[in-house]
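Structure data follow from protein_7.json (JSON, C-alpha atoms):
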```
[["chain", "number", "residue", "atom", "x", "y", "z"],
["U", 1, "MET", "CA", 120.86, 61.47, 95.62],
["U", 2, "GLU", "CA", 123.98, 59.44, 94.95],
["U", 3, "THR", "CA", 125.86, 59.33, 91.69],
["U", 4, "LYS", "CA", 129.23, 58.34, 90.33],
["U", 5, "LEU", "CA", 131.22, 59.86, 87.54],
["U", 6, "PRO", "CA", 131.46, 57.76, 84.41],
["U", 7, "ALA", "CA", 134.73, 55.93, 83.85],
["U", 8, "GLY", "CA", 137.46, 58.23, 82.58],
["U", 9, "VAL", "CA", 135.87, 61.44, 83.90],
["U", 10, "LEU", "CA", 137.63, 63.32, 86.71],
["U", 11, "LEU", "CA", 136.77, 66.47, 88.65],
["U", 12, "ARG", "CA", 139.49, 69.05, 89.18],
["U", 13, "PRO", "CA", 139.72, 72.68, 90.33],
["U", 14, "PHE", "CA", 140.03, 75.63, 87.97],
["U", 15, "ALA", "CA", 143.64, 75.82, 86.76],
["U", 16, "GLY", "CA", 143.84, 79.41, 85.55],
["U", 17, "GLU", "CA", 143.95, 81.17, 82.22],
["U", 18, "ALA", "CA", 144.32, 77.98, 80.18],
["U", 19, "ASP", "CA", 140.79, 76.92, 81.23],
["U", 20, "LEU", "CA", 138.98, 80.10, 80.22],
["U", 21, "ALA", "CA", 138.43, 79.25, 76.56],
["U", 22, "GLU", "CA", 137.12, 75.80, 77.51],
["U", 23, "ILE", "CA", 134.68, 77.28, 80.02],
["U", 24, "ALA", "CA", 133.36, 79.70, 77.39],
["U", 25, "ARG", "CA", 133.03, 76.86, 74.90],
["U", 26, "ILE", "CA", 131.05, 74.66, 77.32],
["U", 27, "TYR", "CA", 128.73, 77.50, 78.38],
["U", 28, "ASN", "CA", 128.03, 78.42, 74.77],
["U", 29, "ALA", "CA", 127.51, 74.82, 73.66],
["U", 30, "GLU", "CA", 124.93, 74.31, 76.41],
["U", 31, "ASN", "CA", 123.10, 77.54, 75.60],
["U", 32, "ASP", "CA", 123.08, 76.72, 71.90],
["U", 33, "ALA", "CA", 121.65, 73.26, 72.57],
["U", 34, "ASP", "CA", 119.01, 74.69, 74.90],
["U", 35, "GLY", "CA", 117.96, 77.56, 72.66],
["U", 36, "ILE", "CA", 119.19, 80.24, 75.06],
["U", 37, "THR", "CA", 120.24, 83.45, 73.29],
["U", 38, "GLU", "CA", 123.18, 84.28, 75.51],
["U", 39, "ARG", "CA", 126.81, 83.76, 74.56],
["U", 40, "PHE", "CA", 129.97, 84.14, 76.62],
["U", 41, "SER", "CA", 133.06, 85.58, 75.01],
["U", 42, "LEU", "CA", 136.53, 84.68, 76.24],
["U", 43, "ASP", "CA", 137.17, 88.36, 77.00],
["U", 44, "ARG", "CA", 134.11, 88.62, 79.25],
["U", 45, "ILE", "CA", 134.95, 85.51, 81.24],
["U", 46, "ALA", "CA", 138.58, 86.60, 81.55],
["U", 47, "ALA", "CA", 137.50, 90.01, 82.91],
["U", 48, "GLU", "CA", 135.18, 88.39, 85.44],
["U", 49, "PHE", "CA", 137.70, 85.81, 86.65],
["U", 50, "ALA", "CA", 140.47, 88.42, 86.95],
["U", 51, "HIS", "CA", 138.65, 90.13, 89.84],
["U", 52, "PRO", "CA", 137.96, 87.60, 92.60],
["U", 53, "SER", "CA", 135.89, 88.64, 95.61],
["U", 54, "ASP", "CA", 134.82, 87.04, 98.88],
["U", 55, "SER", "CA", 131.63, 85.96, 97.14],
["U", 56, "PHE", "CA", 133.26, 84.46, 94.05],
["U", 57, "ASP", "CA", 136.87, 83.39, 93.67],
["U", 58, "PRO", "CA", 137.34, 81.17, 90.59],
["U", 59, "ARG", "CA", 140.27, 79.24, 92.07],
["U", 60, "ARG", "CA", 138.05, 78.28, 95.00],
["U", 61, "ASP", "CA", 134.64, 78.24, 93.34],
["U", 62, "VAL", "CA", 135.04, 76.67, 89.90],
["U", 63, "THR", "CA", 135.37, 72.95, 89.16],
["U", 64, "LEU", "CA", 135.83, 71.25, 85.80],
["U", 65, "ALA", "CA", 134.92, 67.72, 84.76],
["U", 66, "GLU", "CA", 137.61, 66.45, 82.44],
["U", 67, "VAL", "CA", 138.33, 63.51, 80.13],
["U", 68, "ASP", "CA", 141.50, 62.74, 78.19],
["U", 69, "SER", "CA", 140.48, 65.15, 75.45],
["U", 70, "GLY", "CA", 139.85, 68.01, 77.89],
["U", 71, "PRO", "CA", 137.04, 69.60, 79.97],
["U", 72, "VAL", "CA", 133.46, 68.55, 79.25],
["U", 73, "ALA", "CA", 131.58, 70.28, 82.11],
["U", 74, "VAL", "CA", 131.89, 73.19, 84.54],
["U", 75, "GLY", "CA", 130.59, 73.70, 88.07],
["U", 76, "ARG", "CA", 130.48, 77.11, 89.74],
["U", 77, "ARG", "CA", 129.62, 78.44, 93.20],
["U", 78, "GLU", "CA", 129.09, 81.87, 94.78],
["U", 79, "TRP", "CA", 127.26, 83.35, 97.76],
["U", 80, "VAL", "CA", 125.25, 86.45, 98.60],
["U", 81, "ASP", "CA", 123.21, 87.83, 101.48],
["U", 82, "THR", "CA", 119.76, 88.26, 100.00],
["U", 83, "THR", "CA", 117.25, 91.06, 100.45],
["U", 84, "ASP", "CA", 114.84, 88.62, 102.14],
["U", 85, "GLY", "CA", 117.34, 87.84, 104.88],
["U", 86, "LEU", "CA", 119.10, 84.67, 103.73],
["U", 87, "ARG", "CA", 122.71, 83.66, 103.17],
["U", 88, "GLU", "CA", 122.27, 82.05, 99.76],
["U", 89, "TYR", "CA", 125.00, 79.82, 98.38],
["U", 90, "ARG", "CA", 124.38, 79.66, 94.66],
["U", 91, "LEU", "CA", 125.50, 76.77, 92.51],
["U", 92, "HIS", "CA", 125.50, 76.34, 88.76],
["U", 93, "GLY", "CA", 126.68, 73.79, 86.24],
["U", 94, "ALA", "CA", 126.98, 73.33, 82.50],
["U", 95, "VAL", "CA", 127.65, 70.08, 80.63],
["U", 96, "GLU", "CA", 128.75, 69.79, 77.03],
["U", 97, "PRO", "CA", 125.70, 68.42, 75.17],
["U", 98, "ALA", "CA", 127.53, 65.34, 73.84],
["U", 99, "TRP", "CA", 128.30, 64.34, 77.45],
["U", 100, "ARG", "CA", 124.83, 64.74, 78.91],
["U", 101, "ARG", "CA", 122.83, 61.94, 80.53],
["U", 102, "ARG", "CA", 125.92, 60.18, 81.84],
["U", 103, "GLY", "CA", 125.73, 61.36, 85.44],
["U", 104, "ILE", "CA", 128.18, 64.24, 85.11],
["U", 105, "GLY", "CA", 125.62, 66.93, 85.95],
["U", 106, "SER", "CA", 124.51, 65.00, 89.04],
["U", 107, "ALA", "CA", 128.11, 64.52, 90.15],
["U", 108, "LEU", "CA", 128.84, 68.23, 89.70],
["U", 109, "LEU", "CA", 125.75, 69.14, 91.70],
["U", 110, "LEU", "CA", 126.85, 66.91, 94.59],
["U", 111, "ASP", "CA", 130.38, 68.31, 94.42],
["U", 112, "ASN", "CA", 129.03, 71.87, 94.39],
["U", 113, "GLU", "CA", 126.95, 71.16, 97.49],
["U", 114, "ARG", "CA", 129.89, 69.52, 99.27],
["U", 115, "GLN", "CA", 132.23, 72.40, 98.54],
["U", 116, "ILE", "CA", 129.62, 74.98, 99.51],
["U", 117, "ARG", "CA", 129.13, 73.25, 102.87],
["U", 118, "GLU", "CA", 132.88, 73.38, 103.47],
["U", 119, "LEU", "CA", 132.93, 77.10, 102.65],
["U", 120, "ALA", "CA", 129.82, 77.82, 104.72],
["U", 121, "ALA", "CA", 131.45, 76.18, 107.75],
["U", 122, "GLN", "CA", 134.00, 79.04, 107.68],
["U", 123, "HIS", "CA", 131.27, 81.72, 107.68],
["U", 124, "GLU", "CA", 129.52, 83.22, 110.65],
["U", 125, "THR", "CA", 126.13, 84.69, 109.81],
["U", 126, "PRO", "CA", 122.81, 85.14, 111.62],
["U", 127, "ASN", "CA", 120.99, 84.51, 108.34],
["U", 128, "PRO", "CA", 119.38, 81.15, 107.53],
["U", 129, "ARG", "CA", 121.51, 79.32, 104.97],
["U", 130, "PHE", "CA", 120.06, 78.14, 101.68],
["U", 131, "PHE", "CA", 121.34, 76.68, 98.44],
["U", 132, "GLY", "CA", 120.24, 78.54, 95.32],
["U", 133, "SER", "CA", 120.25, 77.78, 91.60],
["U", 134, "TRP", "CA", 118.66, 78.78, 88.31],
["U", 135, "THR", "CA", 117.11, 77.13, 85.24],
["U", 136, "GLY", "CA", 115.51, 78.30, 82.01],
["U", 137, "GLU", "CA", 112.22, 77.09, 80.56],
["U", 138, "SER", "CA", 114.08, 75.17, 77.84],
["U", 139, "GLN", "CA", 116.06, 73.17, 80.42],
["U", 140, "PRO", "CA", 113.59, 70.62, 81.83],
["U", 141, "ALA", "CA", 116.36, 68.12, 82.60],
["U", 142, "ASN", "CA", 118.16, 70.71, 84.74],
["U", 143, "ALA", "CA", 114.92, 71.48, 86.57],
["U", 144, "ALA", "CA", 114.30, 67.76, 87.16],
["U", 145, "LEU", "CA", 117.82, 67.34, 88.54],
["U", 146, "LEU", "CA", 117.34, 70.17, 91.02],
["U", 147, "ARG", "CA", 113.93, 68.92, 92.06],
["U", 148, "SER", "CA", 115.31, 65.43, 92.66],
["U", 149, "ALA", "CA", 118.02, 66.98, 94.85],
["U", 150, "GLY", "CA", 115.44, 68.68, 97.07],
["U", 151, "PHE", "CA", 115.24, 72.14, 95.49],
["U", 152, "SER", "CA", 111.94, 73.98, 95.10],
["U", 153, "GLU", "CA", 110.87, 76.82, 92.83],
["U", 154, "ALA", "CA", 111.28, 80.15, 94.61],
["U", 155, "ARG", "CA", 110.76, 82.89, 92.01],
["U", 156, "TRP", "CA", 110.16, 83.41, 88.30],
["U", 157, "PHE", "CA", 111.85, 85.80, 85.91],
["U", 158, "PHE", "CA", 111.24, 86.94, 82.35],
["U", 159, "GLU", "CA", 113.54, 87.93, 79.55],
["U", 160, "MET", "CA", 111.70, 90.54, 77.53],
["U", 161, "THR", "CA", 112.47, 91.65, 73.99],
["U", 162, "ARG", "CA", 111.46, 94.66, 71.96],
["U", 163, "PRO", "CA", 111.75, 93.17, 68.46],
["U", 164, "SER", "CA", 112.00, 96.53, 66.70],
["U", 165, "LEU", "CA", 113.47, 99.89, 67.58],
["U", 166, "ASP", "CA", 111.08, 101.71, 65.27],
["U", 167, "ASP", "CA", 108.36, 104.00, 66.61],
["U", 168, "ILE", "CA", 110.16, 105.14, 69.75],
["U", 169, "GLU", "CA", 108.28, 107.90, 71.51],
["U", 170, "GLU", "CA", 110.69, 110.51, 72.82],
["U", 171, "LEU", "CA", 109.70, 111.40, 76.39],
["U", 172, "ALA", "CA", 110.98, 114.14, 78.65],
["U", 173, "VAL", "CA", 112.32, 113.31, 82.10],
["U", 174, "PRO", "CA", 110.33, 114.72, 85.03],
["U", 175, "GLY", "CA", 110.86, 118.40, 85.80],
["U", 176, "GLY", "CA", 113.99, 119.29, 87.72],
["U", 177, "LEU", "CA", 115.94, 116.23, 86.55],
["U", 178, "THR", "CA", 118.72, 116.26, 83.98],
["U", 179, "ILE", "CA", 120.53, 113.62, 81.93],
["U", 180, "ARG", "CA", 124.29, 113.97, 82.12],
["U", 181, "PRO", "CA", 127.15, 111.94, 80.63],
["U", 182, "VAL", "CA", 128.83, 109.42, 82.91],
["U", 183, "THR", "CA", 132.59, 109.46, 83.34],
["U", 184, "ILE", "CA", 134.73, 106.92, 85.13],
["U", 185, "ASP", "CA", 135.08, 109.15, 88.19],
["U", 186, "ILE", "CA", 131.34, 108.87, 88.95],
["U", 187, "ALA", "CA", 130.90, 105.23, 87.88],
["U", 188, "LYS", "CA", 130.93, 104.12, 91.52],
["U", 189, "GLN", "CA", 128.24, 106.67, 92.35],
["U", 190, "VAL", "CA", 126.07, 105.09, 89.66],
["U", 191, "TRP", "CA", 126.91, 101.63, 90.98],
["U", 192, "ASP", "CA", 125.95, 102.59, 94.53],
["U", 193, "ALA", "CA", 122.67, 104.13, 93.36],
["U", 194, "ASP", "CA", 121.83, 100.98, 91.39],
["U", 195, "VAL", "CA", 122.58, 98.76, 94.40],
["U", 196, "GLU", "CA", 120.45, 100.94, 96.69],
["U", 197, "ALA", "CA", 117.51, 100.95, 94.27],
["U", 198, "PHE", "CA", 117.38, 97.13, 94.27],
["U", 199, "ARG", "CA", 117.53, 96.69, 98.04],
["U", 200, "ASP", "CA", 113.75, 96.29, 98.21],
["U", 201, "HIS", "CA", 113.66, 93.83, 95.30],
["U", 202, "TRP", "CA", 113.88, 90.06, 95.67],
["U", 203, "GLY", "CA", 117.28, 88.42, 95.41],
["U", 204, "GLY", "CA", 120.79, 89.45, 96.28],
["U", 205, "PHE", "CA", 123.86, 90.95, 94.73],
["U", 206, "ASP", "CA", 127.60, 91.07, 95.40],
["U", 207, "HIS", "CA", 128.14, 94.82, 95.76],
["U", 208, "SER", "CA", 131.83, 94.63, 96.71],
["U", 209, "ASP", "CA", 134.49, 96.87, 95.21],
["U", 210, "GLU", "CA", 135.92, 93.77, 93.53],
["U", 211, "HIS", "CA", 132.65, 93.16, 91.75],
["U", 212, "LEU", "CA", 132.57, 96.80, 90.68],
["U", 213, "ALA", "CA", 136.07, 96.36, 89.21],
["U", 214, "ARG", "CA", 134.86, 93.20, 87.45],
["U", 215, "TRP", "CA", 131.91, 95.09, 86.03],
["U", 216, "LEU", "CA", 134.02, 97.99, 84.75],
["U", 217, "ALA", "CA", 136.53, 95.57, 83.20],
["U", 218, "ASP", "CA", 133.80, 93.78, 81.25],
["U", 219, "PRO", "CA", 134.40, 94.56, 77.54],
["U", 220, "THR", "CA", 130.68, 95.26, 77.04],
["U", 221, "THR", "CA", 130.71, 98.04, 79.64],
["U", 222, "ASP", "CA", 130.37, 101.33, 77.76],
["U", 223, "LEU", "CA", 129.81, 104.41, 79.91],
["U", 224, "ALA", "CA", 128.66, 106.38, 76.86],
["U", 225, "LEU", "CA", 125.57, 104.13, 76.67],
["U", 226, "TRP", "CA", 124.51, 104.71, 80.27],
["U", 227, "ILE", "CA", 121.46, 106.98, 80.58],
["U", 228, "ILE", "CA", 121.56, 108.47, 84.08],
["U", 229, "ALA", "CA", 119.18, 111.07, 85.54],
["U", 230, "PHE", "CA", 120.44, 113.52, 88.16],
["U", 231, "ASP", "CA", 118.60, 115.69, 90.65],
["U", 232, "GLY", "CA", 121.33, 118.22, 91.35],
["U", 233, "ASP", "CA", 124.30, 116.09, 92.40],
["U", 234, "GLU", "CA", 122.16, 113.10, 93.36],
["U", 235, "ILE", "CA", 121.37, 110.22, 91.04],
["U", 236, "ALA", "CA", 117.61, 109.73, 90.75],
["U", 237, "GLY", "CA", 117.68, 106.71, 88.47],
["U", 238, "GLY", "CA", 119.23, 105.34, 85.35],
["U", 239, "ILE", "CA", 119.66, 102.56, 82.84],
["U", 240, "ILE", "CA", 122.91, 100.67, 82.32],
["U", 241, "ASN", "CA", 122.77, 99.85, 78.62],
["U", 242, "ALA", "CA", 125.17, 97.47, 76.92],
["U", 243, "ILE", "CA", 125.94, 95.94, 73.54],
["U", 244, "ASP", "CA", 127.82, 92.66, 73.16],
["U", 245, "PRO", "CA", 129.23, 92.63, 69.60],
["U", 246, "GLN", "CA", 130.59, 89.07, 69.87],
["U", 247, "GLU", "CA", 127.27, 87.72, 71.13],
["U", 248, "ASN", "CA", 125.43, 89.55, 68.35],
["U", 249, "GLU", "CA", 127.78, 88.16, 65.72],
["U", 250, "ALA", "CA", 127.39, 84.61, 67.03],
["U", 251, "LEU", "CA", 123.59, 84.88, 67.04],
["U", 252, "GLY", "CA", 123.14, 86.95, 63.90],
["U", 253, "LEU", "CA", 121.49, 89.76, 65.88],
["U", 254, "ARG", "CA", 121.83, 93.49, 66.35],
["U", 255, "ARG", "CA", 120.52, 93.55, 69.90],
["U", 256, "GLY", "CA", 121.24, 95.90, 72.77],
["U", 257, "TRP", "CA", 120.56, 95.23, 76.44],
["U", 258, "LEU", "CA", 118.92, 97.40, 79.06],
["U", 259, "ALA", "CA", 121.08, 95.53, 81.55],
["U", 260, "SER", "CA", 119.87, 97.35, 84.68],
["U", 261, "VAL", "CA", 116.89, 99.68, 84.95],
["U", 262, "PHE", "CA", 116.69, 101.41, 88.33],
["U", 263, "THR", "CA", 114.87, 104.27, 90.04],
["U", 264, "ARG", "CA", 115.67, 105.23, 93.61],
["U", 265, "ARG", "CA", 112.66, 105.24, 95.92],
["U", 266, "ARG", "CA", 112.32, 109.03, 96.28],
["U", 267, "TRP", "CA", 111.93, 109.48, 92.51],
["U", 268, "ARG", "CA", 109.55, 106.61, 91.74],
["U", 269, "LYS", "CA", 106.03, 106.94, 90.32],
["U", 270, "GLN", "CA", 106.93, 110.08, 88.37],
["U", 271, "GLY", "CA", 107.45, 108.61, 84.89],
["U", 272, "LEU", "CA", 111.24, 108.61, 85.15],
["U", 273, "ALA", "CA", 111.76, 104.96, 84.18],
["U", 274, "THR", "CA", 109.56, 105.32, 81.11],
["U", 275, "ALA", "CA", 111.48, 108.39, 79.94],
["U", 276, "LEU", "CA", 114.83, 106.67, 80.50],
["U", 277, "ILE", "CA", 113.68, 103.59, 78.56],
["U", 278, "SER", "CA", 112.71, 105.71, 75.55],
["U", 279, "ARG", "CA", 116.09, 107.45, 75.61],
["U", 280, "SER", "CA", 117.89, 104.11, 75.96],
["U", 281, "LEU", "CA", 116.08, 102.63, 72.97],
["U", 282, "SER", "CA", 117.03, 105.67, 70.91],
["U", 283, "ALA", "CA", 120.66, 105.38, 72.02],
["U", 284, "LEU", "CA", 120.78, 101.72, 71.02],
["U", 285, "ARG", "CA", 119.19, 102.50, 67.66],
["U", 286, "GLU", "CA", 121.80, 105.18, 67.05],
["U", 287, "ARG", "CA", 124.46, 102.48, 67.57],
["U", 288, "GLY", "CA", 122.90, 100.39, 64.80],
["U", 289, "MET", "CA", 120.85, 98.04, 66.96],
["U", 290, "THR", "CA", 117.50, 96.77, 65.69],
["U", 291, "SER", "CA", 116.16, 95.15, 68.88],
["U", 292, "ALA", "CA", 116.52, 95.45, 72.64],
["U", 293, "ALA", "CA", 116.21, 93.06, 75.58],
["U", 294, "LEU", "CA", 116.09, 93.13, 79.37],
["U", 295, "GLY", "CA", 115.44, 90.87, 82.33],
["U", 296, "VAL", "CA", 112.72, 91.39, 84.93],
["U", 297, "ASP", "CA", 111.39, 89.74, 88.07],
["U", 298, "ALA", "CA", 107.87, 88.51, 87.29],
["U", 299, "ASP", "CA", 106.75, 89.89, 90.68],
["U", 300, "ASN", "CA", 108.75, 93.11, 90.55],
["U", 301, "PRO", "CA", 107.29, 95.37, 93.29],
["U", 302, "SER", "CA", 107.68, 98.54, 91.22],
["U", 303, "GLY", "CA", 105.36, 97.39, 88.44],
["U", 304, "ALA", "CA", 108.25, 97.15, 85.98],
["U", 305, "LEU", "CA", 106.62, 94.40, 83.92],
["U", 306, "GLY", "CA", 103.73, 96.67, 82.96],
["U", 307, "ILE", "CA", 106.08, 99.56, 82.21],
["U", 308, "TYR", "CA", 108.11, 97.41, 79.83],
["U", 309, "GLU", "CA", 105.02, 96.03, 78.10],
["U", 310, "ARG", "CA", 103.76, 99.55, 77.49],
["U", 311, "GLN", "CA", 107.14, 100.35, 75.93],
["U", 312, "GLY", "CA", 106.78, 97.54, 73.41],
["U", 313, "PHE", "CA", 108.64, 94.72, 75.20],
["U", 314, "GLN", "CA", 107.28, 91.18, 75.03],
["U", 315, "VAL", "CA", 108.12, 88.16, 77.18],
["U", 316, "SER", "CA", 110.48, 86.00, 75.14],
["U", 317, "TYR", "CA", 111.89, 83.55, 77.73],
["U", 318, "ARG", "CA", 111.08, 82.42, 81.28],
["U", 319, "SER", "CA", 113.45, 81.33, 84.01],
["U", 320, "THR", "CA", 113.11, 79.94, 87.52],
["U", 321, "ALA", "CA", 115.11, 80.62, 90.67],
["U", 322, "TRP", "CA", 115.38, 77.57, 92.95],
["U", 323, "ARG", "CA", 116.19, 77.22, 96.65],
["U", 324, "LYS", "CA", 116.88, 74.46, 99.16],
["U", 325, "PRO", "CA", 117.49, 74.94, 102.89],
["U", 326, "PHE", "CA", 120.70, 73.62, 104.41],
["U", 327, "LYS", "CA", 120.18, 70.43, 106.39],
["U", 328, "PRO", "CA", 122.71, 68.72, 108.68]]
```

Rewritten as structure tokens:
Amino acid sequence: METKLPAGVLLRPFAGEADLAEIARIYNAENDADGITERFSLDRIAAEFAHPSDSFDPRRDVTLAEVDSGPVAVGRREWVDTTDGLREYRLHGAVEPAWRRRGIGSALLLDNERQIRELAAQHETPNPRFFGSWTGESQPANAALLRSAGFSEARWFFEMTRPSLDDIEELAVPGGLTIRPVTIDIAKQVWDADVEAFRDHWGGFDHSDEHLARWLADPTTDLALWIIAFDGDEIAGGIINAIDPQENEALGLRRGWLASVFTRRRWRKQGLATALISRSLSALRERGMTSAALGVDADNPSGALGIYERQGFQVSYRSTAWRKPFKP
């Protein structure tokens, strides 16, 4: 795949704080055009970019396509070691809708691949190296671009929505477990338990201290919304709930997110997740929310899809994870 940028369009690296508002604008314009109900506030992007890690450093891993009037597209790169034994270099791009179909997305994809290869050459790893990316069901042009570049579908994911927070059945947690408030001094313990619980799930995650700092700095992080179950001093499972007021305002919603639902292996198959979901829905309703959403792997090994359906969640959007092996 060869492509050239249109006349007057240049690629440049991320230049710092002055670019953050433009990146948010481009992301949100693309999502709006594609019917994706996710919005990025300036505060959230600023919090993320303020905590670089080995896996993602915006000054190394973000590229903007620019014209005289300013940025019109964004490319982004990061890497993780996946649970199925790969070193996956993930690449993403967003193009302002008015500038689509001019070759900018193709040029960003090629630039992302080039820069990832340069970074990968500095890494030593026994893991097979792959490119990774992501598209939603309302982005057929993005999927076609990846397919033309040699990517193949690897996994499917659902966004699920509970359209009402009425009729929530209050369920008790299994005997011997207790729900306790989370304070900042045990936030890392929760983080570590969440990371451990997902080690036997498909995918990969940057679990560095820098990413933890990024997560805690996110303005939607609210420890008071976390529903965490303890077995003595050990965390058995929990749900990281979140509300994004700016996203809700932009979309005209009152929606909360069950951003991460996890149960550690020893405490699975006891009804813990179901009880935590019911408590989470109640907590979101108490905050004035009228709906809830979450994301799930379509082939989740813990049977999460069925659990969520029984709790009133419905599939509302489908996404695809893509991969392509490195070739010389």

Residue contacts of Thr221 of chain U (10 Å, all atoms listed in the file) excluding same-chain residues fewer than 5 positions away, as a PyMOL selection string: chain U and resi 215-216+226+240-244

Please produce a file of those selected residues containing C-alpha atoms, as a PDB file, keeping the file's coordinate frame.
```
ATOM      1  CA  TRP U 215     131.910  95.090  86.030  1.00  0.00           C
ATOM      2  CA  LEU U 216     134.020  97.990  84.750  1.00  0.00           C
ATOM      3  CA  TRP U 226     124.510 104.710  80.270  1.00  0.00           C
ATOM      4  CA  ILE U 240     122.910 100.670  82.320  1.00  0.00           C
ATOM      5  CA  ASN U 241     122.770  99.850  78.620  1.00  0.00           C
ATOM      6  CA  ALA U 242     125.170  97.470  76.920  1.00  0.00           C
ATOM      7  CA  ILE U 243     125.940  95.940  73.540  1.00  0.00           C
ATOM      8  CA  ASP U 244     127.820  92.660  73.160  1.00  0.00           C
TER       9      ASP U 244
END
```

Taking only residues of segment 158-196 of chain U that have an atom at most 6 Å from an atom of segment 268-282 of chain U, what is each one's shortest atom pair and its distance in Å to one decimal, using only C-alpha atoms, in chain and number order, as a tab-separated table?
```
residue	atom	partner	partner_atom	distance
U:Glu170	CA	U:Ser278	CA	5.9
U:Leu171	CA	U:Ala275	CA	5.0
U:Ala172	CA	U:Ala275	CA	5.9
U:Val173	CA	U:Ala275	CA	5.4
```

field: Residue list as a ChimeraX atom specification for point (130.1, 70.4, 96.3), cut-off 10 Å, only C-alpha atoms
entry: /U:61,63,75-77,91,107-119

Shortest interatomic distance to Ala144 of chain U - which of U:Trp322, U:Arg60, U:Ala33, U:Phe230, counting only C-alpha atoms: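 Residue with the minimum atom-to-atom distance to Ala144 of chain U: U:Trp322.
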
- request: Show which residues sit within 10 Å of segment 306-308 of chain U, as a PyMOL selection string. Count all atoms listed in the file, and ignore same-chain residues fewer than 2 positions away.
  value: chain U and resi 160-162+271+273-274+277+294+296+300+302-304+310-315

Write the residues of the preceding selection, restricted to C-alpha atoms, as a compact mmCIF listing (two decimals), in the coordinates of the input.
```
# COMPACT_ATOMS: atom_id res chain seq x y z
CA MET U 160 111.70 90.54 77.53
CA THR U 161 112.47 91.65 73.99
CA ARG U 162 111.46 94.66 71.96
CA GLY U 271 107.45 108.61 84.89
CA ALA U 273 111.76 104.96 84.18
CA THR U 274 109.56 105.32 81.11
CA ILE U 277 113.68 103.59 78.56
CA LEU U 294 116.09 93.13 79.37
CA VAL U 296 112.72 91.39 84.93
CA ASN U 300 108.75 93.11 90.55
CA SER U 302 107.68 98.54 91.22
CA GLY U 303 105.36 97.39 88.44
CA ALA U 304 108.25 97.15 85.98
CA ARG U 310 103.76 99.55 77.49
CA GLN U 311 107.14 100.35 75.93
CA GLY U 312 106.78 97.54 73.41
CA PHE U 313 108.64 94.72 75.20
CA GLN U 314 107.28 91.18 75.03
CA VAL U 315 108.12 88.16 77.18
```

message: If I take atom CA of Pro219 of chain U and atom CA of Phe49 of chain U, how far is one from the other in Å, to one decimal?
response: 13.1 Å

message: Give me, as a list in words, all polymer residues having an atom no more than 7 Å from Asp84 of chain U, counting all atoms listed in the file and skipping those fewer than 2 positions away in the same chain.
response: Thr82, Leu86 and Trp202 of chain U

field: Residue nearest Gly288 of chain U among U:Asp166, U:Ala98, U:Pro325, U:Ala18 (counting only C-alpha atoms)
entry: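 Distance minimum relative to Gly288 of chain U lands on U:Asp166.
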